[in-house]
Amino acid sequence: MEDSASHSSVDSADYVVVNGEPKLRLPGSESIKDLEKKMTEMINESKEVQTSEDKDVEEEISPTTTGPTGKSESTGDETYTKDESGTKNIPVNEVRKDVGKSMFYSADIRRPRSLTSPVKTPEDFGNPSFTKGELQSDSVPTIPKLPSDQCTFFNGVTYLGCAMVNAPRSELEIARIMQILNEQSQMSIPVTLSIPNYSQGIVRLLEPNTNNEISYYRINRILFCARGGQDSKERQCFAYTCSHGDSPQSVILQCHVFRCDIADAVGKILYCFATSFKKVPRGSISSSLENNVFQFEVSLELKEDEGKGSYVTCPKDRNSAVFKLRANLEKSVVITVQQVSNTDLRIERCFGVLLCPGRNVKHSDMHLIDMVSMGMSTDGRSYVISGDWNPNDQNFTVLNVETPRDTKVFFTVAADLVIDGIQEPVRFQVEARAKIFPMTERFWVFNKKPHKETFSLTLEEVDTDQGTTTFKVVNLESQTEIERKKQQLRLNLTPSQSADGAVTPGDDDSDNSDDPLPSGSGTVSKEVTDEELLEQWDQTLKKWYQNMAQRPKSVQQLSRRGIPEALRGEVWQLLSGCHDNSEMMEAYRILITKEYANEGVIQRDIYRTFPGHDYFKDSGGMGQESLFKLSKAYSIYDEEVGYIQGITFIGAALLLHMPEEQAFSVMVKVMFEYGLRDMFRHDFEHLHLKFFQLERLMQDMMPDLYSHFMDLGLEAHMYASQWFLTLFTAKFPLFMVYHILDIYLTEGSNIIFNVALALLKSNRKDLLPLDFEGVLKYFRVQLPKKHRTENSVKELLHIATGLKVSARKLKKYEKEYIAVKQAQLQDEDPLERYERENKRLMDTNMRLDQENDDLATELVSSKISLRSDLDIAEDKVDIMSKELSVTKKSLTEVTEEKARLENEAGKLKEMCRRELEKAEQTTRRNDAIIAEYKTICTQLSERLEKQAVNYKEELAKIKNQIQKCDACSQLVSGSGEFKCINLPEADLSPEIMEMKRNIRELELELAQTKLALVESECKVQDLTHNLGSVTSELNESKNTWFHKTLNSIKDATSKKD
């Protein structure tokens, strides 16, 4: 066995062994300290219980044993030993299989002392926080004796602890538990693990040295088993979840985690678990099996959540078993299974509750709902399962939509049960009806009895290669199905006759037999023999899909040659124009859930449709189920025509090429757009027109055969009614039926005349010598058998497509038919005409009365709905009126506030205007001062420049005079600069002194001028700064919130005006 494999007990989703990446939820896991404490208490409690009960157990296991403690004691052929504690050890016949350090033993089970004595459990065992006997697997006070058989022991196993879970089948949470306990468990217990090889055994945890039992777990209580990830630290770990408790209310779910010394041993352990679930010890059921039929009574109860956290039972009608449900309320499904006859079979568990709208549903159509609880009832006589049903699930939309008056919907509830000793799970499927009411509906008449159904389960004993015995399910039928089959059998005792006198076909289809050819006979191979034809169809379909609005011209010619069987379903949908009709397919899913008054008639005709085909010949098989739903859906869809016998044959031909939904879409197209339904309306008036046209065509093309039929008194309706009503599908082989449908869907309904004339023309020589009975028998028996080969069909259709039946000629015959009918009416006895007309009017009147009743019901419902809508609208008007008055009051307040703000805005505008004028005056004054200062500075600068120039000129003149004077030339250097020569002031001339004084005055005046210039520049800067500040303040004043508010008020006022 490979570690990567997964094993399933009885192919169920309830017990799964996962060797890959396991996961499981951990909502109630305890801390490490709690685990350590509980494991210590568990060990002490186990030793105390075993020591205290040693004597009683010894007497029960070995009544003849004698000898002191520690010595061997004999019981029959087996020898036991006692350790110092006084507990008996299990004798082991070792067959060791080494896997690393793990040891595998195949040994006969001998029950230790603690196995047959009562197990003392604390009073609060149902509490997750119990401290004594926490590893005890079952709350049953006594372990029953089990037959001796083989088991497997595993050494080198360490028990890491356990934790509570709410979802025992969640792989994610099991992985989390293993990770936590593997990393944090500080008080692990080395154990020897004992796994039985059959489903009635017990898994035991033993002490490695003494083989004393620590704890045990019943196999039927183990729900899920998984191992750690191959690439994780938990690759040496495995875990299983186990249920504890007697009832669904007290059940506790725990996950127990183990670790092996060798990772390879984990896969072996899980393989042993899987084996134990599949094997049943020989004789466990057969020893008490009186007969092979078991009867079960299954009760179905529905509950609804009233919004207070509690569920109430849904009532049923007083005089019918119809549940009354309310839309958009959470629902609970309660299923009770009780065996009422034969030897009791033990139900191990339920691994799924399923629900689906409709009846006669397929297993694949069922939808799984959340299972809440499962287990035996308090009295131990029945098994109770409960599950939650979410009404907002899209799969259950039909059961959450209010049903019209006097309308009911079917729904199916199923429970998959694993029964001890049976190979496969057993599905109990219950059908019921319901009416959906509004969520606020209140029911005054209550009938809260559950819906009950009785099932008969037939088993057969099977021996396996391993020497064990299992049982397989031969049949499972409900009492309703049995009664339905009996009724159908009574109805089929007398063969019914069709319009042309044909009886139900027999089984013998040989040429020499007088029995007609069964409908649906013949095989059509999907193998392609004409590669060229297939290639042409492939090119045509590619071209067609590129432009769906236009049919390629080559389609007609290719259809006459025949559509390949592998492409027939696809091409038929394209030809009828319903290749993508999701609306019609959705309507079909809703129609099949409704009730129809003539379901019994449909069911009766289903058994006579295509009995020669394997898909439809089995009573209650998938083919008959699908055909029943298709015929019922169309009958409900087309209320005017209702159910007609011919549609079952057409529907069967369609179902052999496409699913139910698509077949329904094509059938609707054929009936409405191809005009087939017109033949069933107005007392088959249109069908009689077709018969007249066929006879006129015969008169024109085959006058001798027409004259022969007229001499015999043979009219067209005696042999051609099924040709027109069923499109040749009721009598002829499938190859011919399919080929005719190919041409019919391509060229329209007039091709029926071509095929009918071709049949008459090709068999004219055989028909002319026959009498009246011979002709009818020929049409019923020999004619279909002559066209069982492909060559004969191709030849017939070649003749049919070669005949010219123009629409103009058919229109001419139609006018003749109308004239003949009018002449007959004139020649007819007025009393008979009036009686016929009266009958027709009475039928019309009854139909109109029925429609009137329906319309009256709809009118009352509409009035009630309108009254409800009106009340809601009036409530809304009251609310809106109150809101309007509040809004008006608010508007008045806002208007007053607006006037006040506008007044304040005017005052602010005036204040701003005054401030702006002041600022502008100040700015103008500052500008004038600045301009004046600039003028003064300019004048001073010009004056200074002039004085500097004059000074330089005078200085140059002085220097020249000094240089000319011999006495004064020493004062001037060669470069023209004055030398510093200190002369007494007395020696200086008055002119020089005057010049010095003038120079000092000029320097002083120059300094003053510069100082005045600097001061003027400073003032100019101050004025510029002040101007900038004023400007920024003005800009800021324009951007204030108040200014914005004023602007918004202005805008609102302007919009209002």
# chains A, B, ... in the order shown; residues from 1 in each chain; ligands from 1
>>> residues_around(residues="range 760-765 of chain A", least_positions_apart="5", cutoff="12 Å", atoms="only C-alpha atoms", output="number ranges by chain")
A: 694-695, 697-699, 701-706, 708-709, 716, 719-720, 753-755, 770, 775, 778-779, 782-784, 786-787, 792-793, 795-800, 803
>>> atom_distance(atom1="CA of Asn328 in chain A", atom2="CA of Leu302 in chain A")
14.4 Å
>>> residues_around(residues="range 562-576 of chain A", least_positions_apart="4", cutoff="7 Å", atoms="only C-alpha atoms", output="list of chain:residue names")
A:Lys526, A:Leu534, A:Leu558, A:His657, A:Met658, A:Val666, A:Lys669, A:His739, A:Asp742, A:Leu745, A:Thr746
>>> closest_residue(among="A:Ala931, A:Glu773, A:Glu835, A:Lys553", to="Ser1016 in chain A", atoms="only C-alpha atoms")
A:Ala931
>>> select_by_dssp(residues="range 292-362 of chain A", states="strand (DSSP E)", output="tab-separated table (two decimals) with N, CA and C atoms, in the first residue's frame")
chain	number	residue	atom	x	y	z
A	293	VAL	N	-35.42	-10.14	3.40
A	293	VAL	CA	-36.20	-8.91	3.23
A	293	VAL	C	-36.36	-8.24	4.60
A	294	PHE	N	-35.99	-6.98	4.65
A	294	PHE	CA	-36.10	-6.18	5.87
A	294	PHE	C	-36.96	-4.97	5.57
A	295	GLN	N	-37.81	-4.63	6.50
A	295	GLN	CA	-38.69	-3.48	6.33
A	295	GLN	C	-38.29	-2.37	7.30
A	296	PHE	N	-38.26	-1.16	6.76
A	296	PHE	CA	-37.93	0.03	7.54
A	296	PHE	C	-39.06	1.04	7.39
A	297	GLU	N	-39.33	1.75	8.44
A	297	GLU	CA	-40.28	2.85	8.41
A	297	GLU	C	-39.51	4.16	8.58
A	298	VAL	N	-39.61	5.01	7.58
A	298	VAL	CA	-38.88	6.29	7.58
A	298	VAL	C	-39.88	7.42	7.76
A	299	SER	N	-39.66	8.24	8.76
A	299	SER	CA	-40.52	9.38	9.05
A	299	SER	C	-39.79	10.67	8.70
A	300	LEU	N	-40.49	11.57	8.05
A	300	LEU	CA	-39.93	12.86	7.65
A	300	LEU	C	-40.68	13.97	8.37
A	301	GLU	N	-39.92	14.85	8.99
A	301	GLU	CA	-40.50	15.98	9.71
A	301	GLU	C	-39.72	17.24	9.35
A	302	LEU	N	-40.44	18.32	9.06
A	302	LEU	CA	-39.82	19.60	8.73
A	302	LEU	C	-40.11	20.60	9.84
A	303	LYS	N	-39.11	21.41	10.15
A	303	LYS	CA	-39.24	22.44	11.16
A	303	LYS	C	-38.74	23.76	10.61
A	304	GLU	N	-39.29	24.86	11.15
A	304	GLU	CA	-38.91	26.20	10.71
A	304	GLU	C	-38.47	27.04	11.89
A	305	ASP	N	-37.50	27.90	11.62
A	305	ASP	CA	-36.98	28.81	12.64
A	305	ASP	C	-37.88	30.05	12.69
A	311	TYR	N	-36.95	26.01	16.79
A	311	TYR	CA	-37.63	25.53	15.59
A	311	TYR	C	-39.00	24.97	15.97
A	312	VAL	N	-39.99	25.23	15.12
A	312	VAL	CA	-41.34	24.71	15.32
A	312	VAL	C	-41.67	23.79	14.15
A	313	THR	N	-42.46	22.78	14.42
A	313	THR	CA	-42.81	21.79	13.40
A	313	THR	C	-43.72	22.41	12.35
A	322	VAL	N	-49.57	17.26	2.68
A	322	VAL	CA	-48.87	18.37	2.04
A	322	VAL	C	-48.34	19.29	3.14
A	323	PHE	N	-47.02	19.48	3.16
A	323	PHE	CA	-46.42	20.36	4.14
A	323	PHE	C	-46.73	21.82	3.81
A	324	LYS	N	-46.93	22.60	4.84
A	324	LYS	CA	-47.12	24.04	4.69
A	324	LYS	C	-45.85	24.74	5.13
A	325	LEU	N	-45.15	25.31	4.17
A	325	LEU	CA	-43.87	25.95	4.44
A	325	LEU	C	-43.99	27.45	4.19
A	326	ARG	N	-43.15	28.19	4.85
A	326	ARG	CA	-43.09	29.63	4.67
A	326	ARG	C	-41.75	30.01	4.05
A	331	LYS	N	-34.85	26.27	7.78
A	331	LYS	CA	-35.60	25.05	8.03
A	331	LYS	C	-34.68	23.94	8.50
A	332	SER	N	-35.27	23.01	9.21
A	332	SER	CA	-34.55	21.84	9.70
A	332	SER	C	-35.29	20.59	9.23
A	333	VAL	N	-34.53	19.61	8.76
A	333	VAL	CA	-35.08	18.34	8.29
A	333	VAL	C	-34.73	17.28	9.32
A	334	VAL	N	-35.74	16.58	9.80
A	334	VAL	CA	-35.55	15.51	10.79
A	334	VAL	C	-36.04	14.20	10.18
A	335	ILE	N	-35.14	13.23	10.06
A	335	ILE	CA	-35.45	11.93	9.48
A	335	ILE	C	-35.28	10.88	10.56
A	336	THR	N	-36.32	10.07	10.75
A	336	THR	CA	-36.28	8.98	11.73
A	336	THR	C	-36.43	7.66	10.99
A	337	VAL	N	-35.45	6.76	11.19
A	337	VAL	CA	-35.43	5.46	10.52
A	337	VAL	C	-35.61	4.39	11.59
A	338	GLN	N	-36.61	3.53	11.40
A	338	GLN	CA	-36.89	2.47	12.37
A	338	GLN	C	-37.17	1.18	11.62
A	339	GLN	N	-36.48	0.11	12.04
A	339	GLN	CA	-36.71	-1.20	11.43
A	339	GLN	C	-37.94	-1.83	12.08
A	347	ILE	N	-27.52	0.33	12.48
A	347	ILE	CA	-27.12	1.49	11.68
A	347	ILE	C	-25.90	2.11	12.33
A	348	GLU	N	-24.79	2.13	11.60
A	348	GLU	CA	-23.57	2.69	12.16
A	348	GLU	C	-23.58	4.21	12.17
A	349	ARG	N	-23.92	4.80	11.07
A	349	ARG	CA	-23.88	6.26	10.98
A	349	ARG	C	-24.56	6.71	9.70
A	350	CYS	N	-24.80	7.98	9.62
A	350	CYS	CA	-25.31	8.62	8.40
A	350	CYS	C	-24.25	9.59	7.92
A	351	PHE	N	-23.88	9.46	6.66
A	351	PHE	CA	-22.85	10.38	6.18
A	351	PHE	C	-23.38	11.39	5.18
A	352	GLY	N	-24.69	11.59	5.13
A	352	GLY	CA	-25.20	12.64	4.25
A	352	GLY	C	-26.71	12.70	4.24
A	353	VAL	N	-27.23	13.93	4.34
A	353	VAL	CA	-28.65	14.21	4.15
A	353	VAL	C	-28.77	15.06	2.91
A	354	LEU	N	-29.65	14.66	1.98
A	354	LEU	CA	-29.73	15.32	0.69
A	354	LEU	C	-31.15	15.80	0.44
A	355	LEU	N	-31.25	16.83	-0.40
A	355	LEU	CA	-32.54	17.45	-0.69
A	355	LEU	C	-32.54	17.90	-2.15
A	356	CYS	N	-33.71	17.81	-2.78
A	356	CYS	CA	-33.83	18.27	-4.16
A	356	CYS	C	-35.30	18.56	-4.46
A	357	PRO	N	-35.60	19.67	-5.14
A	357	PRO	CA	-36.98	19.90	-5.58
A	357	PRO	C	-37.37	18.88	-6.65
>>> decode(residues="range 543-569 of chain A", atoms="N, CA, C and O atoms", output="PDB file, in the first residue's frame")
ATOM      1  N   LYS A 543     -18.394  27.289 -40.561  1.00  0.00           N
ATOM      2  CA  LYS A 543     -18.948  28.453 -41.255  1.00  0.00           C
ATOM      3  C   LYS A 543     -20.223  28.937 -40.585  1.00  0.00           C
ATOM      4  O   LYS A 543     -20.474  30.147 -40.474  1.00  0.00           O
ATOM      5  N   TRP A 544     -21.028  27.992 -40.112  1.00  0.00           N
ATOM      6  CA  TRP A 544     -22.303  28.347 -39.464  1.00  0.00           C
ATOM      7  C   TRP A 544     -22.065  29.088 -38.158  1.00  0.00           C
ATOM      8  O   TRP A 544     -22.725  30.075 -37.849  1.00  0.00           O
ATOM      9  N   TYR A 545     -21.113  28.620 -37.367  1.00  0.00           N
ATOM     10  CA  TYR A 545     -20.838  29.263 -36.074  1.00  0.00           C
ATOM     11  C   TYR A 545     -20.268  30.673 -36.252  1.00  0.00           C
ATOM     12  O   TYR A 545     -20.391  31.505 -35.348  1.00  0.00           O
ATOM     13  N   GLN A 546     -19.645  30.923 -37.386  1.00  0.00           N
ATOM     14  CA  GLN A 546     -19.134  32.272 -37.630  1.00  0.00           C
ATOM     15  C   GLN A 546     -20.266  33.264 -37.888  1.00  0.00           C
ATOM     16  O   GLN A 546     -20.130  34.457 -37.604  1.00  0.00           O
ATOM     17  N   ASN A 547     -21.378  32.783 -38.433  1.00  0.00           N
ATOM     18  CA  ASN A 547     -22.527  33.652 -38.698  1.00  0.00           C
ATOM     19  C   ASN A 547     -23.795  32.866 -38.355  1.00  0.00           C
ATOM     20  O   ASN A 547     -24.379  32.197 -39.196  1.00  0.00           O
ATOM     21  N   MET A 548     -24.207  32.967 -37.084  1.00  0.00           N
ATOM     22  CA  MET A 548     -25.360  32.198 -36.626  1.00  0.00           C
ATOM     23  C   MET A 548     -26.673  32.712 -37.209  1.00  0.00           C
ATOM     24  O   MET A 548     -27.677  32.002 -37.196  1.00  0.00           O
ATOM     25  N   ALA A 549     -26.669  33.920 -37.715  1.00  0.00           N
ATOM     26  CA  ALA A 549     -27.919  34.497 -38.231  1.00  0.00           C
ATOM     27  C   ALA A 549     -28.303  33.911 -39.586  1.00  0.00           C
ATOM     28  O   ALA A 549     -29.453  34.045 -40.012  1.00  0.00           O
ATOM     29  N   GLN A 550     -27.386  33.277 -40.283  1.00  0.00           N
ATOM     30  CA  GLN A 550     -27.666  32.764 -41.625  1.00  0.00           C
ATOM     31  C   GLN A 550     -27.234  31.309 -41.715  1.00  0.00           C
ATOM     32  O   GLN A 550     -26.090  30.971 -41.407  1.00  0.00           O
ATOM     33  N   ARG A 551     -28.145  30.453 -42.144  1.00  0.00           N
ATOM     34  CA  ARG A 551     -27.836  29.043 -42.310  1.00  0.00           C
ATOM     35  C   ARG A 551     -27.083  28.834 -43.615  1.00  0.00           C
ATOM     36  O   ARG A 551     -27.505  29.346 -44.671  1.00  0.00           O
ATOM     37  N   PRO A 552     -25.979  28.087 -43.605  1.00  0.00           N
ATOM     38  CA  PRO A 552     -25.242  27.829 -44.849  1.00  0.00           C
ATOM     39  C   PRO A 552     -26.111  27.089 -45.865  1.00  0.00           C
ATOM     40  O   PRO A 552     -26.968  26.285 -45.514  1.00  0.00           O
ATOM     41  N   LYS A 553     -25.880  27.380 -47.124  1.00  0.00           N
ATOM     42  CA  LYS A 553     -26.680  26.784 -48.188  1.00  0.00           C
ATOM     43  C   LYS A 553     -26.466  25.289 -48.318  1.00  0.00           C
ATOM     44  O   LYS A 553     -27.329  24.559 -48.798  1.00  0.00           O
ATOM     45  N   SER A 554     -25.305  24.811 -47.888  1.00  0.00           N
ATOM     46  CA  SER A 554     -24.988  23.388 -48.047  1.00  0.00           C
ATOM     47  C   SER A 554     -25.691  22.504 -47.031  1.00  0.00           C
ATOM     48  O   SER A 554     -25.627  21.272 -47.126  1.00  0.00           O
ATOM     49  N   VAL A 555     -26.373  23.103 -46.033  1.00  0.00           N
ATOM     50  CA  VAL A 555     -26.996  22.314 -44.961  1.00  0.00           C
ATOM     51  C   VAL A 555     -28.095  21.418 -45.521  1.00  0.00           C
ATOM     52  O   VAL A 555     -28.221  20.250 -45.144  1.00  0.00           O
ATOM     53  N   GLN A 556     -28.922  21.934 -46.438  1.00  0.00           N
ATOM     54  CA  GLN A 556     -30.046  21.152 -46.958  1.00  0.00           C
ATOM     55  C   GLN A 556     -29.567  19.906 -47.685  1.00  0.00           C
ATOM     56  O   GLN A 556     -30.076  18.800 -47.461  1.00  0.00           O
ATOM     57  N   GLN A 557     -28.573  20.058 -48.525  1.00  0.00           N
ATOM     58  CA  GLN A 557     -28.078  18.909 -49.288  1.00  0.00           C
ATOM     59  C   GLN A 557     -27.406  17.891 -48.369  1.00  0.00           C
ATOM     60  O   GLN A 557     -27.578  16.678 -48.528  1.00  0.00           O
ATOM     61  N   LEU A 558     -26.659  18.395 -47.366  1.00  0.00           N
ATOM     62  CA  LEU A 558     -25.997  17.479 -46.435  1.00  0.00           C
ATOM     63  C   LEU A 558     -27.013  16.765 -45.558  1.00  0.00           C
ATOM     64  O   LEU A 558     -26.826  15.586 -45.222  1.00  0.00           O
ATOM     65  N   SER A 559     -28.089  17.438 -45.160  1.00  0.00           N
ATOM     66  CA  SER A 559     -29.108  16.793 -44.334  1.00  0.00           C
ATOM     67  C   SER A 559     -29.800  15.674 -45.089  1.00  0.00           C
ATOM     68  O   SER A 559     -30.182  14.651 -44.502  1.00  0.00           O
ATOM     69  N   ARG A 560     -29.990  15.831 -46.376  1.00  0.00           N
ATOM     70  CA  ARG A 560     -30.602  14.762 -47.175  1.00  0.00           C
ATOM     71  C   ARG A 560     -29.695  13.540 -47.231  1.00  0.00           C
ATOM     72  O   ARG A 560     -30.185  12.405 -47.336  1.00  0.00           O
ATOM     73  N   ARG A 561     -28.392  13.753 -47.163  1.00  0.00           N
ATOM     74  CA  ARG A 561     -27.459  12.622 -47.134  1.00  0.00           C
ATOM     75  C   ARG A 561     -27.380  12.011 -45.738  1.00  0.00           C
ATOM     76  O   ARG A 561     -26.905  10.874 -45.589  1.00  0.00           O
ATOM     77  N   GLY A 562     -27.843  12.751 -44.734  1.00  0.00           N
ATOM     78  CA  GLY A 562     -27.831  12.238 -43.361  1.00  0.00           C
ATOM     79  C   GLY A 562     -26.800  12.951 -42.501  1.00  0.00           C
ATOM     80  O   GLY A 562     -25.688  13.244 -42.960  1.00  0.00           O
ATOM     81  N   ILE A 563     -27.179  13.225 -41.260  1.00  0.00           N
ATOM     82  CA  ILE A 563     -26.262  13.857 -40.306  1.00  0.00           C
ATOM     83  C   ILE A 563     -25.521  12.757 -39.557  1.00  0.00           C
ATOM     84  O   ILE A 563     -26.137  11.792 -39.087  1.00  0.00           O
ATOM     85  N   PRO A 564     -24.203  12.834 -39.441  1.00  0.00           N
ATOM     86  CA  PRO A 564     -23.468  11.821 -38.658  1.00  0.00           C
ATOM     87  C   PRO A 564     -24.018  11.733 -37.240  1.00  0.00           C
ATOM     88  O   PRO A 564     -24.370  12.746 -36.622  1.00  0.00           O
ATOM     89  N   GLU A 565     -24.124  10.511 -36.743  1.00  0.00           N
ATOM     90  CA  GLU A 565     -24.745  10.296 -35.428  1.00  0.00           C
ATOM     91  C   GLU A 565     -24.034  11.078 -34.328  1.00  0.00           C
ATOM     92  O   GLU A 565     -24.674  11.575 -33.400  1.00  0.00           O
ATOM     93  N   ALA A 566     -22.726  11.231 -34.410  1.00  0.00           N
ATOM     94  CA  ALA A 566     -21.996  11.957 -33.373  1.00  0.00           C
ATOM     95  C   ALA A 566     -22.327  13.438 -33.359  1.00  0.00           C
ATOM     96  O   ALA A 566     -22.182  14.100 -32.328  1.00  0.00           O
ATOM     97  N   LEU A 567     -22.778  13.986 -34.499  1.00  0.00           N
ATOM     98  CA  LEU A 567     -23.091  15.421 -34.589  1.00  0.00           C
ATOM     99  C   LEU A 567     -24.585  15.697 -34.551  1.00  0.00           C
ATOM    100  O   LEU A 567     -24.985  16.867 -34.573  1.00  0.00           O
ATOM    101  N   ARG A 568     -25.414  14.643 -34.507  1.00  0.00           N
ATOM    102  CA  ARG A 568     -26.854  14.820 -34.706  1.00  0.00           C
ATOM    103  C   ARG A 568     -27.485  15.724 -33.643  1.00  0.00           C
ATOM    104  O   ARG A 568     -28.265  16.613 -33.951  1.00  0.00           O
ATOM    105  N   GLY A 569     -27.143  15.531 -32.373  1.00  0.00           N
ATOM    106  CA  GLY A 569     -27.737  16.354 -31.330  1.00  0.00           C
ATOM    107  C   GLY A 569     -27.400  17.815 -31.481  1.00  0.00           C
ATOM    108  O   GLY A 569     -28.261  18.704 -31.333  1.00  0.00           O
TER     109      GLY A 569
END
